[in-house]
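Enquirer: What follows is my_file05.txt, compact mmCIF, C-alpha atoms.
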```
# COMPACT_ATOMS: atom_id res chain seq x y z
CA MET A 1 12.49 -12.74 6.86
CA ARG A 2 11.93 -14.41 3.51
CA ALA A 3 14.36 -12.47 1.32
CA PRO A 4 17.57 -13.28 3.21
CA THR A 5 16.72 -16.99 3.08
CA VAL A 6 16.50 -16.85 -0.70
CA ILE A 7 19.83 -15.01 -0.94
CA ALA A 8 21.50 -17.58 1.28
CA ALA A 9 20.12 -20.36 -0.89
CA ASP A 10 21.45 -18.66 -4.02
CA HIS A 11 24.78 -18.23 -2.34
CA PHE A 12 25.17 -21.94 -1.77
CA ASP A 13 23.78 -22.71 -5.23
CA THR A 14 26.85 -21.08 -6.77
CA TYR A 15 29.21 -23.01 -4.62
CA SER A 16 27.36 -26.25 -5.28
CA VAL A 17 28.09 -25.70 -8.99
CA VAL A 18 31.75 -25.21 -8.08
CA GLY A 19 31.60 -28.35 -5.96
CA LEU A 20 30.02 -30.27 -8.85
CA LEU A 21 32.87 -29.14 -11.10
CA ALA A 22 35.35 -30.32 -8.48
CA VAL A 23 33.68 -33.74 -8.62
CA VAL A 24 33.95 -33.70 -12.43
CA GLY A 25 37.62 -32.80 -12.10
CA VAL A 26 38.34 -35.59 -9.63
CA LEU A 27 36.52 -38.05 -11.91
CA PHE A 28 38.59 -36.84 -14.86
CA VAL A 29 41.84 -37.43 -13.01
CA ALA A 30 40.64 -40.80 -11.69
CA VAL A 31 39.59 -41.95 -15.17
CA ALA A 32 42.87 -40.71 -16.64
CA PHE A 33 44.91 -42.59 -14.04
CA GLY A 34 42.73 -45.68 -14.42
CA ALA A 35 42.97 -45.66 -18.21
CA GLY A 36 46.70 -45.02 -17.93
CA ARG A 37 47.03 -48.13 -15.81
CA LEU A 38 45.42 -50.19 -18.57
CA LEU A 39 47.48 -48.66 -21.37
CA ARG A 40 50.98 -48.55 -19.98
CA PRO A 41 53.50 -51.33 -19.42
CA VAL A 42 54.66 -52.17 -15.88
CA VAL A 43 58.22 -53.51 -15.93
CA PRO A 44 59.92 -52.31 -12.77
CA THR A 45 63.61 -53.00 -12.28
CA PRO A 46 65.70 -51.97 -9.25
CA GLU A 47 67.64 -49.49 -11.38
CA LYS A 48 64.46 -47.84 -12.62
CA LEU A 49 63.15 -47.38 -9.09
CA LEU A 50 66.38 -45.76 -7.95
CA THR A 51 66.30 -42.05 -7.16
CA TYR A 52 67.60 -40.04 -10.11
CA GLU A 53 70.94 -38.43 -9.47
CA CYS A 54 72.44 -37.80 -12.91
CA GLY A 55 73.12 -41.47 -13.55
CA VAL A 56 75.34 -42.26 -10.57
CA ASP A 57 74.13 -44.07 -7.46
CA PRO A 58 72.35 -41.67 -5.09
CA VAL A 59 74.43 -40.36 -2.21
CA GLY A 60 72.79 -40.20 1.19
CA GLU A 61 69.10 -39.45 1.57
CA GLY A 62 66.89 -37.44 -0.76
CA TRP A 63 65.54 -35.46 2.16
CA ALA A 64 68.88 -33.79 2.61
CA HIS A 65 69.81 -30.89 4.84
CA THR A 66 69.46 -27.63 2.97
CA GLN A 67 69.82 -24.14 4.20
CA VAL A 68 66.49 -22.40 3.77
CA ARG A 69 67.50 -18.83 3.10
CA TYR A 70 64.03 -17.53 2.49
CA TYR A 71 62.62 -17.70 5.99
CA VAL A 72 62.88 -13.95 6.59
CA TYR A 73 60.79 -13.40 3.49
CA ALA A 74 58.34 -15.91 4.90
CA PHE A 75 57.92 -13.80 8.06
CA LEU A 76 57.51 -10.64 6.02
CA TYR A 77 55.05 -12.36 3.74
CA VAL A 78 52.84 -13.64 6.54
CA ILE A 79 52.69 -10.21 8.19
CA PHE A 80 51.91 -8.38 4.96
CA ALA A 81 49.48 -10.94 3.58
CA VAL A 82 47.40 -11.01 6.74
CA ASP A 83 47.24 -7.21 6.60
CA SER A 84 46.30 -7.21 2.96
CA VAL A 85 43.37 -9.59 3.33
CA PHE A 86 41.60 -6.87 5.30
CA LEU A 87 41.84 -4.64 2.23
CA PHE A 88 39.13 -6.54 0.40
CA PRO A 89 36.09 -5.93 2.61
CA TRP A 90 37.25 -2.35 3.04
CA ALA A 91 37.73 -1.92 -0.71
CA THR A 92 34.07 -2.64 -1.43
CA VAL A 93 32.72 0.12 0.82
CA PHE A 94 35.43 2.78 1.14
CA ALA A 95 33.98 5.08 -1.52
CA ALA A 96 30.37 4.66 -0.37
CA PRO A 97 28.51 7.95 0.24
CA GLY A 98 29.49 9.48 3.57
CA TYR A 99 32.81 7.67 3.83
CA GLY A 100 35.01 9.31 1.17
CA ALA A 101 37.59 11.48 2.91
CA THR A 102 37.74 9.52 6.20
CA THR A 103 38.42 6.17 4.56
CA LEU A 104 40.96 7.78 2.26
CA VAL A 105 42.92 9.03 5.28
CA GLU A 106 42.59 5.55 6.78
CA MET A 107 44.00 4.11 3.57
CA PHE A 108 47.06 6.33 3.75
CA VAL A 109 47.59 5.35 7.39
CA PHE A 110 47.43 1.70 6.35
CA LEU A 111 49.76 2.23 3.39
CA GLY A 112 52.06 4.23 5.64
CA PHE A 113 52.37 1.33 8.07
CA LEU A 114 53.14 -1.08 5.25
CA ALA A 115 55.63 1.31 3.66
CA VAL A 116 57.45 1.93 6.96
CA GLY A 117 57.61 -1.81 7.59
CA LEU A 118 58.99 -2.42 4.12
CA LEU A 119 61.50 0.43 4.47
CA TYR A 120 62.62 -0.95 7.84
CA ALA A 121 63.15 -4.39 6.34
CA TYR A 122 65.05 -2.81 3.45
CA LYS A 123 67.29 -0.76 5.79
CA LYS A 124 67.93 -3.83 7.91
CA GLY A 125 69.21 -5.50 4.77
CA VAL A 126 66.86 -8.51 4.87
CA LEU A 127 65.71 -7.85 1.32
CA THR A 128 69.15 -8.54 -0.10
CA TRP A 129 70.74 -11.95 -0.39
CA ALA A 130 72.76 -12.86 2.68
CA MET B 1 14.90 -29.73 -14.81
CA ASN B 2 15.81 -26.74 -16.96
CA ASP B 3 18.14 -25.54 -14.25
CA ALA B 4 19.89 -28.89 -14.08
CA LEU B 5 20.35 -28.87 -17.87
CA ASP B 6 21.65 -25.31 -17.72
CA VAL B 7 24.20 -26.22 -15.07
CA ALA B 8 25.22 -29.34 -16.99
CA VAL B 9 25.81 -27.34 -20.18
CA ARG B 10 27.84 -24.73 -18.33
CA LEU B 11 29.98 -27.35 -16.62
CA LEU B 12 30.51 -29.16 -19.91
CA LEU B 13 31.61 -25.93 -21.63
CA VAL B 14 34.01 -25.09 -18.79
CA PHE B 15 35.42 -28.61 -18.89
CA VAL B 16 35.88 -28.56 -22.68
CA ALA B 17 37.55 -25.14 -22.45
CA PHE B 18 39.79 -26.54 -19.73
CA LEU B 19 40.89 -29.40 -21.99
CA VAL B 20 41.13 -27.52 -25.30
CA LEU B 21 42.46 -24.03 -24.53
CA PRO B 22 45.69 -25.18 -22.80
CA LEU B 23 46.45 -27.36 -25.83
CA VAL B 24 45.84 -24.42 -28.16
CA VAL B 25 48.23 -22.32 -26.07
CA GLY B 26 50.75 -25.18 -26.08
CA GLN B 27 50.62 -25.62 -29.84
CA THR B 28 50.84 -21.84 -30.32
CA GLU B 29 53.90 -21.88 -28.10
CA HIS B 30 55.54 -24.59 -30.24
CA LYS B 31 54.91 -22.57 -33.37
CA VAL B 32 55.58 -19.04 -32.08
CA MET B 33 58.81 -20.07 -30.36
CA ALA B 34 59.94 -21.91 -33.48
CA HIS B 35 59.33 -18.97 -35.76
CA MET B 36 60.96 -16.52 -33.34
CA GLN B 37 64.01 -18.75 -33.37
CA GLY B 38 64.07 -19.24 -37.15
CA ARG B 39 62.73 -22.81 -37.06
CA LEU B 40 59.55 -24.41 -38.33
CA GLY B 41 58.49 -26.26 -35.20
CA PRO B 42 56.38 -29.44 -35.42
CA MET B 43 55.34 -30.06 -39.04
CA TYR B 44 54.50 -33.75 -39.25
CA ALA B 45 51.79 -34.89 -36.82
CA GLY B 46 48.29 -34.43 -38.25
CA GLY B 47 49.52 -33.14 -41.60
CA PHE B 48 48.73 -29.42 -41.62
CA HIS B 49 51.65 -27.64 -39.88
CA GLY B 50 51.83 -30.37 -37.25
CA TRP B 51 48.55 -29.31 -35.60
CA ALA B 52 48.15 -32.69 -33.86
CA GLN B 53 51.59 -32.65 -32.22
CA LEU B 54 50.19 -32.30 -28.71
CA VAL B 55 47.62 -35.03 -29.32
CA ALA B 56 50.50 -37.29 -30.37
CA ASP B 57 52.41 -36.22 -27.26
CA GLY B 58 49.38 -37.12 -25.14
CA VAL B 59 49.17 -40.58 -26.71
CA LYS B 60 52.88 -41.06 -26.06
CA PHE B 61 52.56 -39.96 -22.42
CA ALA B 62 49.62 -42.30 -21.81
CA GLN B 63 51.66 -45.28 -23.02
CA LYS B 64 54.75 -44.59 -20.95
CA GLU B 65 55.55 -46.56 -17.83
CA ASP B 66 54.64 -44.82 -14.58
CA VAL B 67 57.72 -45.05 -12.37
CA VAL B 68 57.43 -44.22 -8.67
CA PRO B 69 60.90 -44.22 -7.09
CA LYS B 70 61.40 -46.75 -4.30
CA ASP B 71 62.30 -44.09 -1.73
CA ALA B 72 59.43 -41.75 -2.62
CA ASP B 73 56.41 -41.06 -0.43
CA ARG B 74 54.17 -43.07 -2.74
CA ARG B 75 50.66 -41.69 -2.13
CA VAL B 76 51.69 -38.05 -2.00
CA PHE B 77 53.88 -38.52 -5.06
CA GLN B 78 50.98 -39.96 -7.01
CA LEU B 79 48.44 -37.37 -5.90
CA ALA B 80 50.59 -34.30 -6.54
CA PRO B 81 49.76 -33.89 -10.27
CA ALA B 82 46.02 -33.86 -9.53
CA VAL B 83 46.50 -31.24 -6.82
CA ALA B 84 48.49 -29.10 -9.24
CA LEU B 85 45.93 -29.38 -12.03
CA LEU B 86 42.44 -29.25 -10.54
CA PRO B 87 42.55 -25.75 -8.98
CA TYR B 88 42.87 -24.20 -12.43
CA LEU B 89 39.74 -26.05 -13.54
CA LEU B 90 37.89 -24.59 -10.56
CA VAL B 91 39.08 -21.03 -11.24
CA LEU B 92 38.03 -21.32 -14.86
CA VAL B 93 34.40 -21.73 -13.76
CA ALA B 94 34.40 -18.27 -12.19
CA ILE B 95 35.83 -16.34 -15.16
CA PRO B 96 33.07 -14.51 -17.04
CA VAL B 97 33.38 -14.75 -20.82
CA ALA B 98 30.41 -12.66 -21.94
CA PRO B 99 27.45 -11.01 -20.18
CA GLY B 100 25.58 -13.92 -18.61
CA SER B 101 28.11 -16.44 -19.88
CA VAL B 102 30.00 -17.65 -16.86
CA GLY B 103 30.33 -21.10 -15.37
CA ALA B 104 29.14 -19.96 -11.98
CA VAL B 105 28.66 -16.43 -10.65
CA VAL B 106 30.82 -16.62 -7.55
CA ASP B 107 30.00 -13.49 -5.56
CA ALA B 108 33.47 -13.22 -4.02
CA GLY B 109 35.08 -14.01 -7.38
CA ILE B 110 38.43 -12.22 -6.92
CA PHE B 111 38.87 -13.81 -3.52
CA PHE B 112 37.84 -17.23 -4.81
CA ALA B 113 40.19 -17.07 -7.80
CA LEU B 114 43.23 -15.97 -5.78
CA ALA B 115 42.56 -18.49 -3.01
CA VAL B 116 42.04 -21.47 -5.31
CA MET B 117 44.99 -20.59 -7.57
CA GLY B 118 47.17 -20.67 -4.47
CA VAL B 119 46.22 -24.32 -3.90
CA GLY B 120 47.82 -25.33 -7.22
CA VAL B 121 51.25 -24.49 -5.84
CA LEU B 122 50.73 -27.20 -3.21
CA GLY B 123 51.00 -29.75 -6.04
CA SER B 124 54.55 -28.63 -6.80
CA LEU B 125 55.46 -28.61 -3.11
CA MET B 126 54.03 -32.11 -2.64
CA ALA B 127 55.94 -33.35 -5.69
CA GLY B 128 59.13 -31.69 -4.52
CA TRP B 129 58.97 -33.20 -1.07
CA ALA B 130 57.54 -36.64 -1.87
CA SER B 131 60.06 -37.47 -4.59
CA ALA B 132 62.85 -37.91 -2.02
CA ASN B 133 65.21 -36.52 -4.63
CA LYS B 134 67.67 -33.70 -3.96
CA PHE B 135 66.84 -31.87 -7.18
CA SER B 136 63.14 -32.15 -6.47
CA LEU B 137 63.62 -30.87 -2.94
CA LEU B 138 65.54 -27.84 -4.21
CA GLY B 139 62.84 -27.24 -6.81
CA GLY B 140 60.14 -27.49 -4.15
CA LEU B 141 61.97 -25.03 -1.90
CA ARG B 142 62.31 -22.61 -4.78
CA THR B 143 58.59 -22.98 -5.48
CA ALA B 144 57.87 -22.11 -1.86
CA ALA B 145 60.19 -19.11 -2.00
CA GLN B 146 58.53 -17.96 -5.19
CA LEU B 147 55.12 -18.14 -3.53
CA LEU B 148 56.33 -15.69 -0.89
CA ALA B 149 57.50 -13.29 -3.58
CA TYR B 150 54.52 -13.05 -5.90
CA GLU B 151 51.46 -13.66 -3.76
CA LEU B 152 51.50 -10.30 -2.00
CA PRO B 153 51.87 -8.03 -5.07
CA MET B 154 49.20 -10.11 -6.81
CA LEU B 155 46.81 -9.67 -3.88
CA LEU B 156 47.45 -5.92 -3.68
CA ALA B 157 46.99 -5.40 -7.41
CA ALA B 158 43.71 -7.31 -7.31
CA ALA B 159 42.61 -5.26 -4.29
CA SER B 160 43.12 -2.11 -6.35
CA VAL B 161 40.58 -3.34 -8.91
CA ALA B 162 38.18 -4.30 -6.13
CA MET B 163 38.47 -0.74 -4.82
CA ALA B 164 37.84 0.73 -8.27
CA ALA B 165 34.77 -1.42 -8.86
CA GLY B 166 33.53 -1.40 -5.27
CA THR B 167 32.96 -5.16 -5.43
CA VAL B 168 34.93 -8.39 -5.26
CA SER B 169 32.71 -10.13 -7.82
CA LEU B 170 34.32 -10.69 -11.23
CA THR B 171 31.10 -9.99 -13.12
CA GLY B 172 30.58 -6.97 -10.87
CA VAL B 173 34.00 -5.64 -11.89
CA LEU B 174 33.06 -5.96 -15.56
CA ASP B 175 29.64 -4.36 -15.03
CA ALA B 176 31.34 -1.34 -13.47
CA PHE B 177 34.13 -1.18 -16.05
CA GLU B 178 34.84 2.00 -18.05
CA TRP B 179 37.47 2.23 -20.78
CA TRP B 180 39.64 4.72 -18.82
CA TRP B 181 40.18 2.08 -16.15
CA VAL B 182 42.85 0.58 -18.41
CA PRO B 183 45.27 3.53 -18.13
CA TRP B 184 44.14 4.12 -14.53
CA GLN B 185 44.97 0.55 -13.44
CA ILE B 186 47.85 -0.11 -15.83
CA VAL B 187 50.50 -0.31 -13.10
CA GLY B 188 48.37 -2.76 -11.15
CA ALA B 189 47.85 -4.77 -14.33
CA LEU B 190 51.60 -5.06 -14.93
CA VAL B 191 52.23 -6.06 -11.32
CA PHE B 192 49.44 -8.65 -11.45
CA PHE B 193 50.68 -10.14 -14.72
CA VAL B 194 54.33 -10.31 -13.65
CA ALA B 195 53.36 -11.85 -10.32
CA GLY B 196 51.16 -14.33 -12.17
CA LEU B 197 54.08 -15.37 -14.37
CA ALA B 198 56.06 -16.06 -11.21
CA GLU B 199 53.19 -18.16 -9.85
CA LEU B 200 53.10 -20.23 -13.03
CA GLN B 201 56.88 -20.67 -12.91
CA ARG B 202 57.10 -19.43 -16.46
CA PRO B 203 60.30 -17.90 -17.85
CA PRO B 204 61.88 -15.59 -16.80
CA PHE B 205 60.72 -16.91 -13.41
CA ASP B 206 61.23 -20.63 -14.05
CA MET B 207 64.00 -21.21 -11.52
CA PRO B 208 61.93 -23.89 -9.66
CA VAL B 209 62.12 -26.06 -12.80
CA ALA B 210 65.43 -24.69 -14.10
CA ASP B 211 66.34 -27.60 -16.36
CA SER B 212 70.00 -26.63 -16.73
CA GLU B 213 70.59 -26.47 -12.95
CA ILE B 214 68.24 -28.83 -11.13
CA ILE B 215 67.10 -31.19 -13.94
CA PHE B 216 63.38 -30.39 -13.76
CA GLY B 217 62.92 -29.33 -10.16
CA ALA B 218 59.95 -30.91 -8.43
CA TYR B 219 59.00 -32.87 -11.57
CA THR B 220 62.36 -34.64 -11.99
CA GLU B 221 61.07 -38.07 -10.98
CA TYR B 222 57.80 -37.92 -12.91
CA THR B 223 57.08 -39.82 -16.10
CA GLY B 224 54.16 -40.57 -18.36
CA LEU B 225 50.67 -39.42 -17.54
CA ARG B 226 51.51 -37.76 -14.24
CA PHE B 227 54.19 -35.66 -15.90
CA ALA B 228 51.70 -34.78 -18.65
CA LEU B 229 49.23 -33.55 -16.02
CA PHE B 230 51.89 -31.23 -14.58
CA LEU B 231 52.48 -29.83 -18.06
CA LEU B 232 48.73 -29.46 -18.59
CA ALA B 233 48.55 -27.60 -15.27
CA GLU B 234 51.16 -25.12 -16.49
CA TYR B 235 49.24 -24.35 -19.68
CA ALA B 236 45.87 -24.29 -17.94
CA GLY B 237 47.54 -21.83 -15.58
CA ILE B 238 48.48 -19.61 -18.50
CA VAL B 239 44.86 -19.62 -19.69
CA VAL B 240 43.58 -18.81 -16.20
CA LEU B 241 46.12 -16.06 -15.55
CA CYS B 242 45.49 -14.40 -18.93
CA GLY B 243 41.72 -14.74 -18.47
CA LEU B 244 41.86 -13.19 -15.01
CA THR B 245 44.09 -10.32 -16.18
CA THR B 246 41.65 -9.74 -19.03
CA VAL B 247 38.67 -9.62 -16.70
CA LEU B 248 40.28 -7.56 -13.95
CA PHE B 249 42.32 -5.05 -15.93
CA LEU B 250 41.42 -5.11 -19.62
CA GLY B 251 37.64 -4.94 -19.47
CA GLY B 252 36.84 -8.55 -20.39
CA TRP B 253 33.89 -8.58 -22.75
CA HIS B 254 33.92 -4.80 -23.32
CA GLY B 255 35.33 -3.69 -26.66
CA PRO B 256 35.28 -0.61 -28.89
CA TRP B 257 32.41 -2.12 -30.89
CA GLY B 258 30.12 -5.12 -31.03
CA ALA B 259 30.19 -5.61 -27.27
CA ASP B 260 26.54 -6.72 -27.25
CA GLY B 261 26.72 -9.93 -29.24
CA LEU B 262 30.46 -10.41 -29.56
CA GLY B 263 31.54 -10.03 -25.94
CA TRP B 264 33.02 -13.51 -25.82
CA VAL B 265 35.15 -12.74 -28.89
CA TRP B 266 36.71 -9.79 -27.06
CA THR B 267 37.42 -11.89 -24.00
CA LEU B 268 39.04 -14.61 -26.08
CA LEU B 269 41.04 -12.13 -28.17
CA LYS B 270 42.43 -10.34 -25.13
CA THR B 271 43.22 -13.63 -23.41
CA ALA B 272 44.96 -14.91 -26.54
CA ALA B 273 46.99 -11.70 -26.88
CA LEU B 274 48.16 -12.03 -23.27
CA ALA B 275 49.01 -15.71 -23.80
CA PHE B 276 51.11 -14.62 -26.77
CA VAL B 277 52.97 -12.21 -24.50
CA VAL B 278 53.61 -15.06 -22.03
CA ILE B 279 55.19 -17.09 -24.85
CA TRP B 280 57.08 -14.08 -26.15
CA LEU B 281 58.65 -13.47 -22.73
CA ARG B 282 59.81 -17.09 -22.61
CA VAL B 283 61.72 -16.60 -25.84
CA SER B 284 63.13 -13.17 -24.97
CA TYR B 285 64.31 -13.23 -21.36
CA PRO B 286 66.96 -15.23 -19.52
CA ARG B 287 66.05 -16.87 -16.22
CA LEU B 288 66.29 -14.78 -13.05
CA ARG B 289 67.95 -16.07 -9.90
CA GLU B 290 65.67 -16.85 -6.98
CA ASP B 291 67.01 -13.93 -4.91
CA GLN B 292 66.62 -11.60 -7.88
CA LEU B 293 62.93 -12.47 -7.93
CA GLN B 294 62.67 -11.72 -4.20
CA LYS B 295 64.35 -8.38 -4.76
CA LEU B 296 62.12 -7.58 -7.72
CA ALA B 297 59.03 -8.50 -5.73
CA TRP B 298 59.80 -6.70 -2.47
CA THR B 299 61.54 -3.59 -3.79
CA THR B 300 59.62 -3.06 -7.03
CA LEU B 301 56.33 -4.95 -7.31
CA VAL B 302 55.04 -4.40 -3.75
CA PRO B 303 55.81 -0.63 -3.72
CA LEU B 304 54.28 -0.28 -7.18
CA ALA B 305 51.16 -2.12 -6.05
CA LEU B 306 50.90 0.08 -2.95
CA ALA B 307 51.27 3.19 -5.14
CA GLN B 308 48.52 1.84 -7.39
CA ILE B 309 46.24 1.40 -4.38
CA ALA B 310 46.91 5.01 -3.32
CA LEU B 311 46.17 6.26 -6.84
CA THR B 312 43.01 4.17 -7.06
CA GLY B 313 41.82 5.46 -3.70
CA ILE B 314 42.41 9.13 -4.54
CA VAL B 315 40.78 8.97 -7.99
CA LYS B 316 37.84 6.93 -6.74
CA VAL B 317 37.05 9.32 -3.88
CA ALA B 318 37.61 12.35 -6.13
CA ILE B 319 35.05 11.19 -8.72
CA SER B 320 32.40 9.90 -6.31
```
Starting from the file, give its structure as structure tokens.

Expert:
Amino acid sequence: MRAPTVIAADHFDTYSVVGLLAVVGVLFVAVAFGAGRLLRPVVPTPEKLLTYECGVDPVGEGWAHTQVRYYVYAFLYVIFAVDSVFLFPWATVFAAPGYGATTLVEMFVFLGFLAVGLLYAYKKGVLTWA
Amino acid sequence: MNDALDVAVRLLLVFVAFLVLPLVVGQTEHKVMAHMQGRLGPMYAGGFHGWAQLVADGVKFAQKEDVVPKDADRRVFQLAPAVALLPYLLVLVAIPVAPGSVGAVVDAGIFFALAVMGVGVLGSLMAGWASANKFSLLGGLRTAAQLLAYELPMLLAAASVAMAAGTVSLTGVLDAFEWWWVPWQIVGALVFFVAGLAELQRPPFDMPVADSEIIFGAYTEYTGLRFALFLLAEYAGIVVLCGLTTVLFLGGWHGPWGADGLGWVWTLLKTAALAFVVIWLRVSYPRLREDQLQKLAWTTLVPLALAQIALTGIVKVAIS
């Protein structure tokens, strides 16, 4: 009963150090911005606050319509990335005594699925610029 | 009390490394690029070979006016540089430098590093969207597209090391390391490094900031200190990427000799050598197009990473 408690405490100790560093980082940025405010001049003019468009007056809105051509990659990415996350817990135990051959076959099944998916996407032509 | 002091010293060292190493890489870049192009580079600031050039740049940045465009989404615009920068500070804490010398032993180190590095990209996306500028928006979209291209090969290559070591802890990887892992994992190492370059938007993968096409991408509207923080994030990113590649694929503190006392020297040397390669690539290669990166990632890097996983699996089961 006692040992797991200690491990859990250690576990959060590490992340509290990380959290402490995050606080240091936020302080650093805050101090930098604060000091910057004291050091720099503030002389806004309407021209300065204009959106930059190569020197001419901006046309239309900055949040313009653009064709996002990458959305198919986004689908592919989500599917593959979610699959791949499961690799990590498996990776730590797959060669443990008694697993060896079975997990290796599993790995090839997994890789096979990914490869077939990739090949399908390739054949469908989604991996080339439309 | 001793523990608190220990933690404070570690955090201080990580923080100092975070502030100093990116500047060293930046100055090296000035000098290496200059000499590769038959120039001298900065020679004036600080006297000796312009060593203080980046300090002078910092002073200049701090004194410049901070302009937030009228149409911009003010809060998000102002926060973006911090979001881009701080994740690299957090990853740095998990990178082991020598046996026992690590900011914090994060038990899921590989996972932690990859997850937190991914957050940094949000800074570019925030900047790209909040600027309300067409160039920034295009840059932000390219950043997003780039994320889709490199994240998967990077993850798979890192998984291969986790399989080899049987752990996802960075110190665990180094404890299990043998010299023949370098040739064994070399394909994974290349995939990881190339994908990392794409994450950092370094040439030849700098199309999100392509200065000759879209001004400076997501950072077009930034000036002064906030712009400086974006630059610092890029160089901190180089340090983190090279450090991670060193730890995962090149054996970190292990070296042919002197590994007992001089482990940290090996880590720093390997990291510096990789940083040199990053600079070298910037000088040597032209910029890819965004779709060329997608093609490279999906038809070359991902299959190579999958092949590396297969190889790792077979060898690992064969020897155990």

Enquirer: Any idea which chain A residues end up within 7 Å of chain B if we count only C-alpha atoms, as JSON, numbers by chain please?

Expert: {"A": [14, 17, 18, 21, 22, 25, 29, 36, 39, 40, 41, 42, 49, 50, 51, 52, 62, 63, 64, 70, 73, 74, 77, 81, 84, 87, 88, 91, 92, 93, 95, 100, 104, 111, 127, 128, 129]}

Enquirer: By how many Å are CA of Leu23 in chain B and CA of Gln53 in chain B apart?

Expert: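 Distance between the two atoms: 9.8 Å.
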
Enquirer: From the list B:Pro22, B:Val194, B:Val265, B:Ala305, which residue is nearest Leu281 in chain B when using all atoms listed in the file?

Expert: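 Residue with the minimum atom-to-atom distance to Leu281 in chain B: B:Val194.
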
Enquirer: CA of Tyr88 in chain B to CA of Val116 in chain B: how many Å, to one decimal?

Expert: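 Calculated distance between CA of Tyr88 in chain B and CA of Val116 in chain B is 7.7 Å.
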
Enquirer: Using only C-alpha atoms, which of A:Val126, A:Val43, A:Ala115, A:Ala32 sits nearest Tyr71 in chain A?

Expert: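 Residue with the minimum atom-to-atom distance to Tyr71 in chain A: A:Val126.
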
Enquirer: Could you check which of B:Ala218, B:Met207, B:Leu170, B:Leu5 is closest to Pro99 in chain B, using only C-alpha atoms?

Expert: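 Result for the nearest residue to Pro99 in chain B: B:Leu170.
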
Enquirer: Give me the residues near range 40-51 of chain B as a ChimeraX atom specification, where near means some atom within 10 Å (using all atoms listed in the file) and where sequence neighbours in that chain fewer than 2 positions away do not count.

Expert: /B:24,27-38,53-57

Enquirer: Would you kindly return, as a list in words, each protein, DNA or RNA residue with an atom no farther than 7 Å from any atom of Val97 in chain B, considering all atoms listed in the file and excluding same-chain residues fewer than 6 positions away?

Expert: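 The filter keeps Trp253, Trp264 and Thr267 of chain B.
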
Enquirer: Between B:Val283, B:Ala113, B:Leu232, B:Ala210, which has the minimum distance to Leu244 in chain B (counting all atoms listed in the file)?

Expert: B:Ala113

Enquirer: Which one of B:Leu114, B:Leu288, B:Val119, B:Val76 sits closest to Leu241 in chain B if you count only C-alpha atoms?

Expert: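 Ranking B:Leu114, B:Leu288, B:Val119, B:Val76 by distance to Leu241 in chain B, first place goes to B:Leu114.
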